[in-house]
$ cat coords-v9.pdb   # PDB, C-alpha atoms
ATOM      1  CA  SER A  22     -28.280  22.151  -7.686
ATOM      2  CA  ASN A  23     -30.380  21.570 -10.811
ATOM      3  CA  LEU A  24     -31.827  18.471  -9.140
ATOM      4  CA  SER A  25     -32.825  20.251  -5.915
ATOM      5  CA  LYS A  26     -36.395  20.689  -7.093
ATOM      6  CA  PHE A  27     -36.832  16.910  -6.983
ATOM      7  CA  LEU A  28     -35.756  16.663  -3.311
ATOM      8  CA  PRO A  29     -38.241  16.711  -0.431
ATOM      9  CA  ASN A  30     -38.623  20.001   1.419
ATOM     10  CA  ASN A  31     -37.475  18.615   4.788
ATOM     11  CA  CYS A  32     -33.956  17.583   3.657
ATOM     12  CA  ILE A  33     -30.705  19.549   3.774
ATOM     13  CA  LYS A  34     -29.683  20.818   0.348
ATOM     14  CA  LEU A  35     -26.021  21.493  -0.354
ATOM     15  CA  ASP A  36     -24.386  22.687  -3.539
ATOM     16  CA  VAL A  37     -20.988  20.982  -3.631
ATOM     17  CA  LYS A  38     -18.364  20.467  -6.332
ATOM     18  CA  ASN A  39     -17.006  17.157  -5.002
ATOM     19  CA  THR A  40     -19.973  15.007  -4.035
ATOM     20  CA  LEU A  41     -17.966  12.022  -2.777
ATOM     21  CA  PHE A  42     -15.829  14.213  -0.522
ATOM     22  CA  ALA A  43     -18.962  15.871   0.865
ATOM     23  CA  VAL A  44     -20.440  12.455   1.655
ATOM     24  CA  THR A  45     -17.305  11.492   3.626
ATOM     25  CA  GLN A  46     -17.537  14.644   5.727
ATOM     26  CA  VAL A  47     -21.228  14.183   6.491
ATOM     27  CA  SER A  48     -20.687  10.487   7.299
ATOM     28  CA  LYS A  49     -18.006  11.395   9.842
ATOM     29  CA  MET A  50     -20.472  13.703  11.586
ATOM     30  CA  PHE A  51     -22.952  10.858  12.094
ATOM     31  CA  TYR A  52     -20.393   8.062  12.550
ATOM     32  CA  PRO A  53     -17.315   9.610  14.204
ATOM     33  CA  LYS A  54     -15.769   6.199  14.914
ATOM     34  CA  ALA A  55     -16.327   4.780  11.446
ATOM     35  CA  ASP A  56     -12.623   4.968  10.505
ATOM     36  CA  ILE A  57     -11.335   3.102  13.566
ATOM     37  CA  ASP A  58     -13.594   1.795  16.299
ATOM     38  CA  TYR A  59     -11.325   0.212  18.872
ATOM     39  CA  PRO A  60     -12.837  -3.011  20.199
ATOM     40  CA  ASP A  61     -13.282  -3.599  23.904
ATOM     41  CA  MET A  62     -10.528  -6.171  24.297
ATOM     42  CA  ASN A  63      -8.982  -5.482  27.715
ATOM     43  CA  LEU A  64      -6.487  -2.797  26.781
ATOM     44  CA  ILE A  65      -3.373  -2.658  28.942
ATOM     45  CA  ASN A  66      -3.395   0.498  31.067
ATOM     46  CA  SER A  67      -0.454   2.900  31.179
ATOM     47  CA  SER A  68       0.680   1.863  34.658
ATOM     48  CA  GLU A  69       1.211  -1.718  33.455
ATOM     49  CA  LEU A  70       3.046  -0.811  30.247
ATOM     50  CA  LYS A  71       6.398  -0.032  31.838
ATOM     51  CA  LYS A  72       6.287  -3.251  33.833
ATOM     52  CA  LEU A  73       5.547  -5.374  30.773
ATOM     53  CA  TYR A  74       7.824  -3.460  28.372
ATOM     54  CA  PRO A  75      10.648  -1.906  30.456
ATOM     55  CA  LYS A  76      12.901  -1.205  27.437
ATOM     56  CA  VAL A  77      10.267   0.666  25.423
ATOM     57  CA  ASN A  78       9.966   4.456  25.333
ATOM     58  CA  PHE A  79       6.244   5.267  25.573
ATOM     59  CA  GLY A  80       4.546   8.592  24.910
ATOM     60  CA  LYS A  81       1.277   9.656  26.508
ATOM     61  CA  ASN A  82      -2.090   7.953  25.991
ATOM     62  CA  VAL A  83      -0.733   4.827  24.336
ATOM     63  CA  LEU A  84      -3.229   1.963  24.041
ATOM     64  CA  ILE A  85      -1.962  -1.599  23.696
ATOM     65  CA  GLY A  86      -4.007  -4.780  23.366
ATOM     66  CA  LYS A  87      -3.265  -8.276  24.561
ATOM     67  CA  ASN A  88      -0.561 -10.577  23.192
ATOM     68  CA  VAL A  89       1.554  -7.748  21.811
ATOM     69  CA  VAL A  90       5.288  -8.446  21.511
ATOM     70  CA  ILE A  91       7.651  -5.450  21.562
ATOM     71  CA  GLY A  92      11.431  -5.614  21.173
ATOM     72  CA  ASN A  93      14.227  -3.415  22.520
ATOM     73  CA  ASN A  94      14.996   0.225  21.749
ATOM     74  CA  VAL A  95      11.474   0.872  20.493
ATOM     75  CA  THR A  96       9.844   4.324  20.596
ATOM     76  CA  ILE A  97       6.055   4.540  20.625
ATOM     77  CA  ASN A  98       4.840   8.133  20.576
ATOM     78  CA  SER A  99       1.705   9.701  22.041
ATOM     79  CA  GLY A 100      -1.743   8.544  21.019
ATOM     80  CA  VAL A 101      -0.610   5.300  19.384
ATOM     81  CA  TYR A 102      -2.983   2.342  19.321
ATOM     82  CA  ILE A 103      -1.543  -1.175  18.988
ATOM     83  CA  GLY A 104      -4.192  -3.872  18.653
ATOM     84  CA  PRO A 105      -3.993  -7.509  19.727
ATOM     85  CA  ASN A 106      -1.334  -9.928  18.497
ATOM     86  CA  CYS A 107       0.943  -7.314  16.946
ATOM     87  CA  THR A 108       4.710  -7.866  16.806
ATOM     88  CA  ILE A 109       7.156  -4.972  16.923
ATOM     89  CA  GLU A 110      10.824  -5.901  16.585
ATOM     90  CA  ASP A 111      13.923  -4.005  17.785
ATOM     91  CA  ASN A 112      14.754  -0.398  16.881
ATOM     92  CA  VAL A 113      11.302   0.506  15.594
ATOM     93  CA  GLU A 114       9.829   4.005  15.844
ATOM     94  CA  ILE A 115       6.081   4.701  15.649
ATOM     95  CA  GLY A 116       4.814   8.270  15.252
ATOM     96  CA  LYS A 117       1.963  10.040  17.001
ATOM     97  CA  ASN A 118      -1.664   8.906  16.655
ATOM     98  CA  THR A 119      -0.758   5.905  14.522
ATOM     99  CA  SER A 120      -2.878   2.746  14.696
ATOM    100  CA  LEU A 121      -1.892  -0.893  14.217
ATOM    101  CA  ILE A 122      -5.307  -2.512  14.133
ATOM    102  CA  ALA A 123      -4.412  -6.180  14.808
ATOM    103  CA  ASN A 124      -1.874  -8.861  13.839
ATOM    104  CA  VAL A 125       0.480  -6.270  12.361
ATOM    105  CA  THR A 126       4.217  -7.021  12.166
ATOM    106  CA  LEU A 127       6.846  -4.283  12.131
ATOM    107  CA  CYS A 128      10.271  -5.823  11.595
ATOM    108  CA  HIS A 129      13.508  -4.337  12.919
ATOM    109  CA  ASN A 130      14.531  -0.747  12.117
ATOM    110  CA  VAL A 131      11.158   0.182  10.589
ATOM    111  CA  VAL A 132      10.088   3.819  10.988
ATOM    112  CA  VAL A 133       6.376   4.681  10.849
ATOM    113  CA  GLY A 134       5.193   8.299  10.791
ATOM    114  CA  ASN A 135       2.278  10.141  12.361
ATOM    115  CA  ASN A 136      -1.406   9.403  11.740
ATOM    116  CA  VAL A 137      -0.697   6.140   9.926
ATOM    117  CA  ILE A 138      -3.244   3.300   9.809
ATOM    118  CA  LEU A 139      -2.026  -0.282   9.354
ATOM    119  CA  HIS A 140      -4.886  -2.727   8.940
ATOM    120  CA  PRO A 141      -4.915  -6.365  10.122
ATOM    121  CA  GLY A 142      -2.178  -8.612   8.794
ATOM    122  CA  VAL A 143       0.116  -5.889   7.432
ATOM    123  CA  VAL A 144       3.804  -6.855   7.405
ATOM    124  CA  VAL A 145       6.359  -4.066   7.113
ATOM    125  CA  GLY A 146      10.063  -4.780   6.823
ATOM    126  CA  ALA A 147      10.245  -8.454   5.907
ATOM    127  CA  ASP A 148      13.231  -9.374   3.743
ATOM    128  CA  GLY A 149      13.038  -8.487   0.087
ATOM    129  CA  PHE A 150      13.447 -11.107  -2.637
ATOM    130  CA  GLY A 151      17.209 -10.712  -2.854
ATOM    131  CA  LEU A 152      18.982 -13.736  -4.301
ATOM    132  CA  ALA A 153      22.195 -14.389  -6.209
ATOM    133  CA  GLN A 154      22.591 -17.445  -8.418
ATOM    134  CA  GLU A 155      25.752 -19.478  -7.864
ATOM    135  CA  LYS A 156      25.885 -22.416 -10.288
ATOM    136  CA  ASP A 157      22.651 -24.290  -9.657
ATOM    137  CA  LYS A 158      21.867 -22.737  -6.272
ATOM    138  CA  TRP A 159      20.243 -19.539  -5.024
ATOM    139  CA  ILE A 160      22.222 -17.670  -2.355
ATOM    140  CA  LYS A 161      20.405 -15.224  -0.106
ATOM    141  CA  ILE A 162      21.596 -11.606  -0.220
ATOM    142  CA  PRO A 163      21.394  -9.951   3.229
ATOM    143  CA  GLN A 164      18.673  -7.301   3.301
ATOM    144  CA  ILE A 165      20.174  -4.562   5.471
ATOM    145  CA  GLY A 166      17.979  -1.586   4.553
ATOM    146  CA  ALA A 167      14.786  -0.614   6.357
ATOM    147  CA  VAL A 168      11.310   0.729   5.564
ATOM    148  CA  LYS A 169      10.255   4.329   6.151
ATOM    149  CA  ILE A 170       6.548   5.111   6.128
ATOM    150  CA  HIS A 171       5.770   8.822   6.210
ATOM    151  CA  ASP A 172       2.763  10.634   7.733
ATOM    152  CA  ASN A 173      -0.922  10.038   6.878
ATOM    153  CA  VAL A 174      -0.363   6.725   5.100
ATOM    154  CA  GLU A 175      -2.993   3.962   5.189
ATOM    155  CA  ILE A 176      -2.140   0.349   4.332
ATOM    156  CA  GLY A 177      -4.835  -2.281   3.809
ATOM    157  CA  ALA A 178      -5.165  -5.762   5.239
ATOM    158  CA  ASN A 179      -2.491  -8.366   4.454
ATOM    159  CA  SER A 180      -0.359  -5.999   2.403
ATOM    160  CA  THR A 181       3.418  -6.393   2.595
ATOM    161  CA  ILE A 182       6.243  -3.903   2.216
ATOM    162  CA  ASP A 183       9.743  -5.374   2.017
ATOM    163  CA  ARG A 184      12.808  -3.792   3.583
ATOM    164  CA  GLY A 185      15.491  -2.375   1.331
ATOM    165  CA  ALA A 186      18.481  -4.412   0.258
ATOM    166  CA  ILE A 187      20.941  -1.614   1.116
ATOM    167  CA  GLU A 188      19.005   1.668   1.063
ATOM    168  CA  ASP A 189      15.449   1.977   2.429
ATOM    169  CA  THR A 190      12.066   1.244   0.960
ATOM    170  CA  VAL A 191      10.085   4.496   1.235
ATOM    171  CA  ILE A 192       6.343   5.172   1.335
ATOM    172  CA  GLU A 193       5.885   8.943   1.197
ATOM    173  CA  LYS A 194       3.195  10.957   2.960
ATOM    174  CA  GLY A 195      -0.466  10.589   2.102
ATOM    175  CA  VAL A 196      -0.090   7.289   0.211
ATOM    176  CA  LYS A 197      -3.119   4.974   0.335
ATOM    177  CA  ILE A 198      -2.557   1.249  -0.235
ATOM    178  CA  ASP A 199      -5.375  -1.272  -0.563
ATOM    179  CA  ASN A 200      -5.501  -4.889   0.640
ATOM    180  CA  GLN A 201      -3.073  -7.605  -0.476
ATOM    181  CA  VAL A 202      -0.585  -5.308  -2.186
ATOM    182  CA  GLN A 203       3.067  -6.415  -2.486
ATOM    183  CA  ILE A 204       5.769  -3.745  -2.546
ATOM    184  CA  GLY A 205       9.293  -5.016  -3.164
ATOM    185  CA  HIS A 206      12.587  -3.886  -1.711
ATOM    186  CA  ASN A 207      13.888  -0.368  -2.396
ATOM    187  CA  VAL A 208      10.633   0.781  -3.984
ATOM    188  CA  ILE A 209       9.745   4.445  -3.523
ATOM    189  CA  VAL A 210       6.063   5.414  -3.665
ATOM    190  CA  GLY A 211       5.486   9.158  -4.110
ATOM    191  CA  GLU A 212       3.193  11.409  -2.103
ATOM    192  CA  ASN A 213      -0.592  10.936  -2.283
ATOM    193  CA  THR A 214      -0.456   7.972  -4.640
ATOM    194  CA  ALA A 215      -3.263   5.404  -4.364
ATOM    195  CA  ILE A 216      -2.667   1.701  -5.071
ATOM    196  CA  ALA A 217      -5.618  -0.699  -5.427
ATOM    197  CA  GLY A 218      -5.749  -4.291  -4.216
ATOM    198  CA  CYS A 219      -3.604  -7.195  -5.425
ATOM    199  CA  THR A 220      -1.088  -4.939  -7.132
ATOM    200  CA  GLY A 221       2.538  -6.090  -7.159
ATOM    201  CA  ILE A 222       5.479  -3.698  -7.480
ATOM    202  CA  ALA A 223       8.873  -5.306  -8.057
ATOM    203  CA  GLY A 224      12.042  -4.081  -6.413
ATOM    204  CA  SER A 225      13.767  -0.723  -6.995
ATOM    205  CA  SER A 226      10.931   0.859  -8.956
ATOM    206  CA  ILE A 227      10.001   4.484  -8.306
ATOM    207  CA  ILE A 228       6.334   5.494  -8.401
ATOM    208  CA  GLY A 229       5.613   9.212  -8.774
ATOM    209  CA  LYS A 230       3.338  11.525  -6.828
ATOM    210  CA  ARG A 231      -0.466  11.518  -7.110
ATOM    211  CA  CYS A 232      -0.545   8.345  -9.199
ATOM    212  CA  MET A 233      -3.562   6.026  -9.277
ATOM    213  CA  ILE A 234      -2.758   2.350  -9.805
ATOM    214  CA  GLY A 235      -5.663   0.017 -10.555
ATOM    215  CA  GLY A 236      -6.166  -3.381  -8.947
ATOM    216  CA  ALA A 237      -4.071  -6.407  -9.912
ATOM    217  CA  THR A 238      -1.538  -4.280 -11.768
ATOM    218  CA  ALA A 239       1.943  -5.782 -12.121
ATOM    219  CA  ILE A 240       4.824  -3.298 -12.175
ATOM    220  CA  SER A 241       8.266  -4.518 -13.170
ATOM    221  CA  GLY A 242      11.421  -3.733 -11.228
ATOM    222  CA  HIS A 243      13.963  -0.945 -11.794
ATOM    223  CA  ILE A 244      11.562   1.317 -13.686
ATOM    224  CA  LYS A 245      10.240   4.812 -13.021
ATOM    225  CA  ILE A 246       6.665   6.067 -13.280
ATOM    226  CA  ALA A 247       6.110   9.819 -13.613
ATOM    227  CA  ASP A 248       3.867  11.956 -11.399
ATOM    228  CA  ASP A 249       0.107  12.044 -12.106
ATOM    229  CA  VAL A 250      -0.050   8.723 -13.945
ATOM    230  CA  ILE A 251      -3.226   6.608 -13.930
ATOM    231  CA  ILE A 252      -2.799   2.885 -14.636
ATOM    232  CA  THR A 253      -6.009   0.958 -15.166
ATOM    233  CA  GLY A 254      -6.598  -2.398 -13.501
ATOM    234  CA  MET A 255      -4.940  -5.625 -14.636
ATOM    235  CA  SER A 256      -2.203  -3.732 -16.475
ATOM    236  CA  GLY A 257       1.341  -4.997 -16.855
ATOM    237  CA  VAL A 258       3.963  -2.251 -16.712
ATOM    238  CA  ALA A 259       7.293  -3.472 -18.064
ATOM    239  CA  ASN A 260       8.911  -0.133 -18.977
ATOM    240  CA  SER A 261       9.188   3.335 -17.465
ATOM    241  CA  ILE A 262       6.329   5.791 -17.963
ATOM    242  CA  LYS A 263       7.791   9.256 -18.518
ATOM    243  CA  SER A 264       4.692  11.434 -18.983
ATOM    244  CA  PRO A 265       1.444  11.971 -17.042
ATOM    245  CA  GLY A 266      -1.676  10.362 -18.465
ATOM    246  CA  THR A 267      -3.817   7.228 -18.391
ATOM    247  CA  TYR A 268      -2.241   3.907 -19.386
ATOM    248  CA  SER A 269      -3.765   0.443 -19.944
ATOM    249  CA  SER A 270      -2.496  -2.897 -21.163
ATOM    250  CA  ALA A 271      -4.597  -5.906 -20.196
ATOM    251  CA  LEU A 272      -6.868  -7.530 -22.763
ATOM    252  CA  PRO A 273     -10.544  -7.673 -21.753
ATOM    253  CA  VAL A 274     -12.131 -11.100 -21.323
ATOM    254  CA  THR A 275     -13.628 -12.721 -24.437
ATOM    255  CA  GLU A 276     -15.281 -16.024 -25.279
ATOM    256  CA  SER A 277     -12.663 -18.800 -25.018
ATOM    257  CA  LYS A 278     -12.736 -19.950 -28.647
ATOM    258  CA  ILE A 279     -12.314 -16.352 -29.860
ATOM    259  CA  TRP A 280      -9.523 -15.755 -27.337
ATOM    260  CA  ARG A 281      -7.637 -18.853 -28.569
ATOM    261  CA  ARG A 282      -7.820 -17.685 -32.188
ATOM    262  CA  ASN A 283      -6.636 -14.202 -31.196
ATOM    263  CA  VAL A 284      -3.682 -15.629 -29.266
ATOM    264  CA  VAL A 285      -2.589 -17.726 -32.255
ATOM    265  CA  ARG A 286      -2.789 -14.650 -34.485
ATOM    266  CA  LEU A 287      -0.916 -12.576 -31.920
ATOM    267  CA  LYS A 288       1.935 -15.095 -31.949
ATOM    268  CA  ASN A 289       2.209 -14.721 -35.726
ATOM    269  CA  ILE A 290       1.934 -10.940 -35.839
ATOM    270  CA  ASP A 291       5.693 -10.459 -36.290
ATOM    271  CA  LYS A 292       5.711 -12.710 -39.376
ATOM    272  CA  ILE A 293       2.667 -10.882 -40.771
ATOM    273  CA  ILE A 294       4.288  -7.472 -40.278
ATOM    274  CA  LYS A 295       7.500  -8.659 -41.981
ATOM    275  CA  LYS A 296       5.467  -9.900 -44.963
ATOM    276  CA  ILE A 297       3.664  -6.594 -45.242
ATOM    277  CA  MET A 298       6.854  -4.595 -44.971
ATOM    278  CA  SER A 299       8.632  -6.724 -47.576
ATOM    279  CA  GLY A 300       5.673  -6.250 -49.931
ATOM    280  CA  LEU A 301       5.959  -2.459 -49.572
ATOM    281  CA  LYS A 302       9.603  -2.395 -50.668
TER     282      LYS A 302
END

$ encode --input "coords-v9.pdb" --output "structure tokens"
Amino acid sequence: SNLSKFLPNNCIKLDVKNTLFAVTQVSKMFYPKADIDYPDMNLINSSELKKLYPKVNFGKNVLIGKNVVIGNNVTINSGVYIGPNCTIEDNVEIGKNTSLIANVTLCHNVVVGNNVILHPGVVVGADGFGLAQEKDKWIKIPQIGAVKIHDNVEIGANSTIDRGAIEDTVIEKGVKIDNQVQIGHNVIVGENTAIAGCTGIAGSSIIGKRCMIGGATAISGHIKIADDVIITGMSGVANSIKSPGTYSSALPVTESKIWRRNVVRLKNIDKIIKKIMSGLK
């Protein structure tokens, strides 16, 4: 409001606390289809759906594009949009007003909630990286869990969420996932957490509510991250984080010759500390 005197007289002046949120609301007024603008690609009308997919339970106002494959015992609720070239395997349930933009794969037994957006190339329910070593060979462990995606989740292009090994992988309501994110088997992501692009979360980790995970973060398996944690980009998380706060780990880029010297010194830091400690005794 202090800057209003610098604005022209013929513009709308609003005093808002959250500027970015206000911009999103105004943008939606001028561009109502900005979130999802369904392309004109010869959608299959409702009278044809039952002929093409006789073993699918359809709700009202379902829109399906060309080259969509749907398995048996599938439930697709009202207002769902399924774009071209999507694959939906057996025993899948899709909630109301959910959109699969294009080339999305939902593997068997996946459950997707209401008002979910899955962008092109998303794969939900592929096998997790479950292997047992027997002598010099890797033996595949059957992945018999599923994936449950709750309401109001958005998943970016080419992101993958693996099915659980025994219990389910769970993405709780309001979670926002960027492009090219890998979520391993049996991971639980808490409500309203945001995960930026190229992040990898190893199996059986639990991410708390309202967390913010920066891009290209690597999170180890079988750890727990508390609610309201912020992890800055390029961090490596090897141990559980038990308290809210902001955490970082990656070293910023430096000139190569300086970086090499620092790495050599870092390798010797244990010896240096032992020398110092022995000198203090």

$ atom_distance --input "coords-v9.pdb" --atom1 "atom CA of Val137 of chain A" --atom2 "atom CA of Thr253 of chain A"
26.2 Å

$ residues_around --input "coords-v9.pdb" --residues "Ile192 of chain A" --least-positions-apart "4" --cutoff "8 Å" --atoms "all atoms listed in the file" --output "list in words"
Val168, Lys169, Ile170, His171, Val174, Val196, Ile209, Val210, Gly211 and Glu212 of chain A

$ resolve_selection --input "coords-v9.pdb" --expression "the PyMOL selection byres ((chain A and resi 266-275) around 6)" --output "list of chain:residue names"
A:Val250, A:Ile251, A:Ile252, A:Thr253, A:Met255, A:Ser256, A:Pro265, A:Glu276, A:Trp280

$ resolve_selection --input "coords-v9.pdb" --expression "the PyMOL selection byres ((chain A and resi 92-94) around 9)" --output "count of residues only"
17

$ resolve_selection --input "coords-v9.pdb" --expression "the PyMOL selection byres ((chain A and resi 191) around 12)" --output "number ranges by chain"
A: 131-134, 145-146, 166-172, 174, 182-185, 188-190, 192-194, 196, 204-212, 224-229

$ residues_around --input "coords-v9.pdb" --residues "Gly104 of chain A" --least-positions-apart "5" --cutoff "10 Å" --atoms "all atoms listed in the file" --output "list in words"
Tyr59, Pro60, Met62, Leu64, Leu84, Ile85, Gly86, Lys87, Asn88, Val89, Ser120, Leu121, Ile122, Ala123, Asn124, Val125, His140 and Pro141 of chain A

$ closest_residue --input "coords-v9.pdb" --among "A:Asp291, A:Glu175, A:Asp157, A:Asp248" --to "Val143 of chain A" --atoms "all atoms listed in the file"
A:Glu175

$ build_atoms --input "coords-v9.pdb" --residues "segment 140-149 of chain A" --atoms "all heavy atoms" --output "mmCIF file, in the frame of the given file"
data_model
loop_
_atom_site.group_PDB
_atom_site.id
_atom_site.type_symbol
_atom_site.label_atom_id
_atom_site.label_comp_id
_atom_site.auth_asym_id
_atom_site.auth_seq_id
_atom_site.Cartn_x
_atom_site.Cartn_y
_atom_site.Cartn_z
ATOM 1 N N HIS A 140 -3.758 -1.822 8.719
ATOM 2 C CA HIS A 140 -4.886 -2.727 8.940
ATOM 3 C C HIS A 140 -4.404 -4.149 9.253
ATOM 4 O O HIS A 140 -3.210 -4.451 9.130
ATOM 5 C CB HIS A 140 -5.806 -2.690 7.721
ATOM 6 C CG HIS A 140 -6.595 -1.417 7.622
ATOM 7 N ND1 HIS A 140 -7.730 -1.181 8.354
ATOM 8 C CD2 HIS A 140 -6.375 -0.280 6.903
ATOM 9 C CE1 HIS A 140 -8.216 0.022 8.081
ATOM 10 N NE2 HIS A 140 -7.400 0.599 7.205
ATOM 11 N N PRO A 141 -5.325 -5.028 9.672
ATOM 12 C CA PRO A 141 -4.915 -6.365 10.122
ATOM 13 C C PRO A 141 -4.070 -7.125 9.108
ATOM 14 O O PRO A 141 -4.347 -7.123 7.909
ATOM 15 C CB PRO A 141 -6.257 -7.072 10.360
ATOM 16 C CG PRO A 141 -7.186 -5.986 10.738
ATOM 17 C CD PRO A 141 -6.779 -4.818 9.877
ATOM 18 N N GLY A 142 -3.008 -7.749 9.621
ATOM 19 C CA GLY A 142 -2.178 -8.612 8.794
ATOM 20 C C GLY A 142 -1.084 -7.912 8.026
ATOM 21 O O GLY A 142 -0.345 -8.571 7.282
ATOM 22 N N VAL A 143 -0.948 -6.605 8.159
ATOM 23 C CA VAL A 143 0.116 -5.889 7.432
ATOM 24 C C VAL A 143 1.485 -6.319 7.960
ATOM 25 O O VAL A 143 1.685 -6.456 9.171
ATOM 26 C CB VAL A 143 -0.058 -4.365 7.580
ATOM 27 C CG1 VAL A 143 1.193 -3.620 7.114
ATOM 28 C CG2 VAL A 143 -1.268 -3.889 6.786
ATOM 29 N N VAL A 144 2.416 -6.532 7.039
ATOM 30 C CA VAL A 144 3.804 -6.855 7.405
ATOM 31 C C VAL A 144 4.713 -5.820 6.755
ATOM 32 O O VAL A 144 4.734 -5.668 5.534
ATOM 33 C CB VAL A 144 4.202 -8.268 6.935
ATOM 34 C CG1 VAL A 144 5.669 -8.540 7.265
ATOM 35 C CG2 VAL A 144 3.310 -9.323 7.578
ATOM 36 N N VAL A 145 5.445 -5.101 7.601
ATOM 37 C CA VAL A 145 6.359 -4.066 7.113
ATOM 38 C C VAL A 145 7.786 -4.440 7.516
ATOM 39 O O VAL A 145 8.069 -4.635 8.696
ATOM 40 C CB VAL A 145 6.004 -2.686 7.691
ATOM 41 C CG1 VAL A 145 6.982 -1.634 7.184
ATOM 42 C CG2 VAL A 145 4.572 -2.306 7.345
ATOM 43 N N GLY A 146 8.656 -4.561 6.530
ATOM 44 C CA GLY A 146 10.063 -4.780 6.823
ATOM 45 C C GLY A 146 10.538 -6.217 6.751
ATOM 46 O O GLY A 146 11.637 -6.524 7.207
ATOM 47 N N ALA A 147 9.737 -7.105 6.169
ATOM 48 C CA ALA A 147 10.245 -8.454 5.907
ATOM 49 C C ALA A 147 11.325 -8.369 4.829
ATOM 50 O O ALA A 147 11.417 -7.393 4.086
ATOM 51 C CB ALA A 147 9.110 -9.376 5.462
ATOM 52 N N ASP A 148 12.158 -9.384 4.738
ATOM 53 C CA ASP A 148 13.231 -9.374 3.743
ATOM 54 C C ASP A 148 12.681 -9.295 2.326
ATOM 55 O O ASP A 148 11.684 -9.945 1.990
ATOM 56 C CB ASP A 148 14.085 -10.640 3.869
ATOM 57 C CG ASP A 148 15.102 -10.541 4.991
ATOM 58 O OD1 ASP A 148 15.164 -9.496 5.663
ATOM 59 O OD2 ASP A 148 15.852 -11.518 5.192
ATOM 60 N N GLY A 149 13.364 -8.514 1.498
ATOM 61 C CA GLY A 149 13.038 -8.487 0.087
ATOM 62 C C GLY A 149 13.525 -9.752 -0.610
ATOM 63 O O GLY A 149 14.264 -10.562 -0.041
#
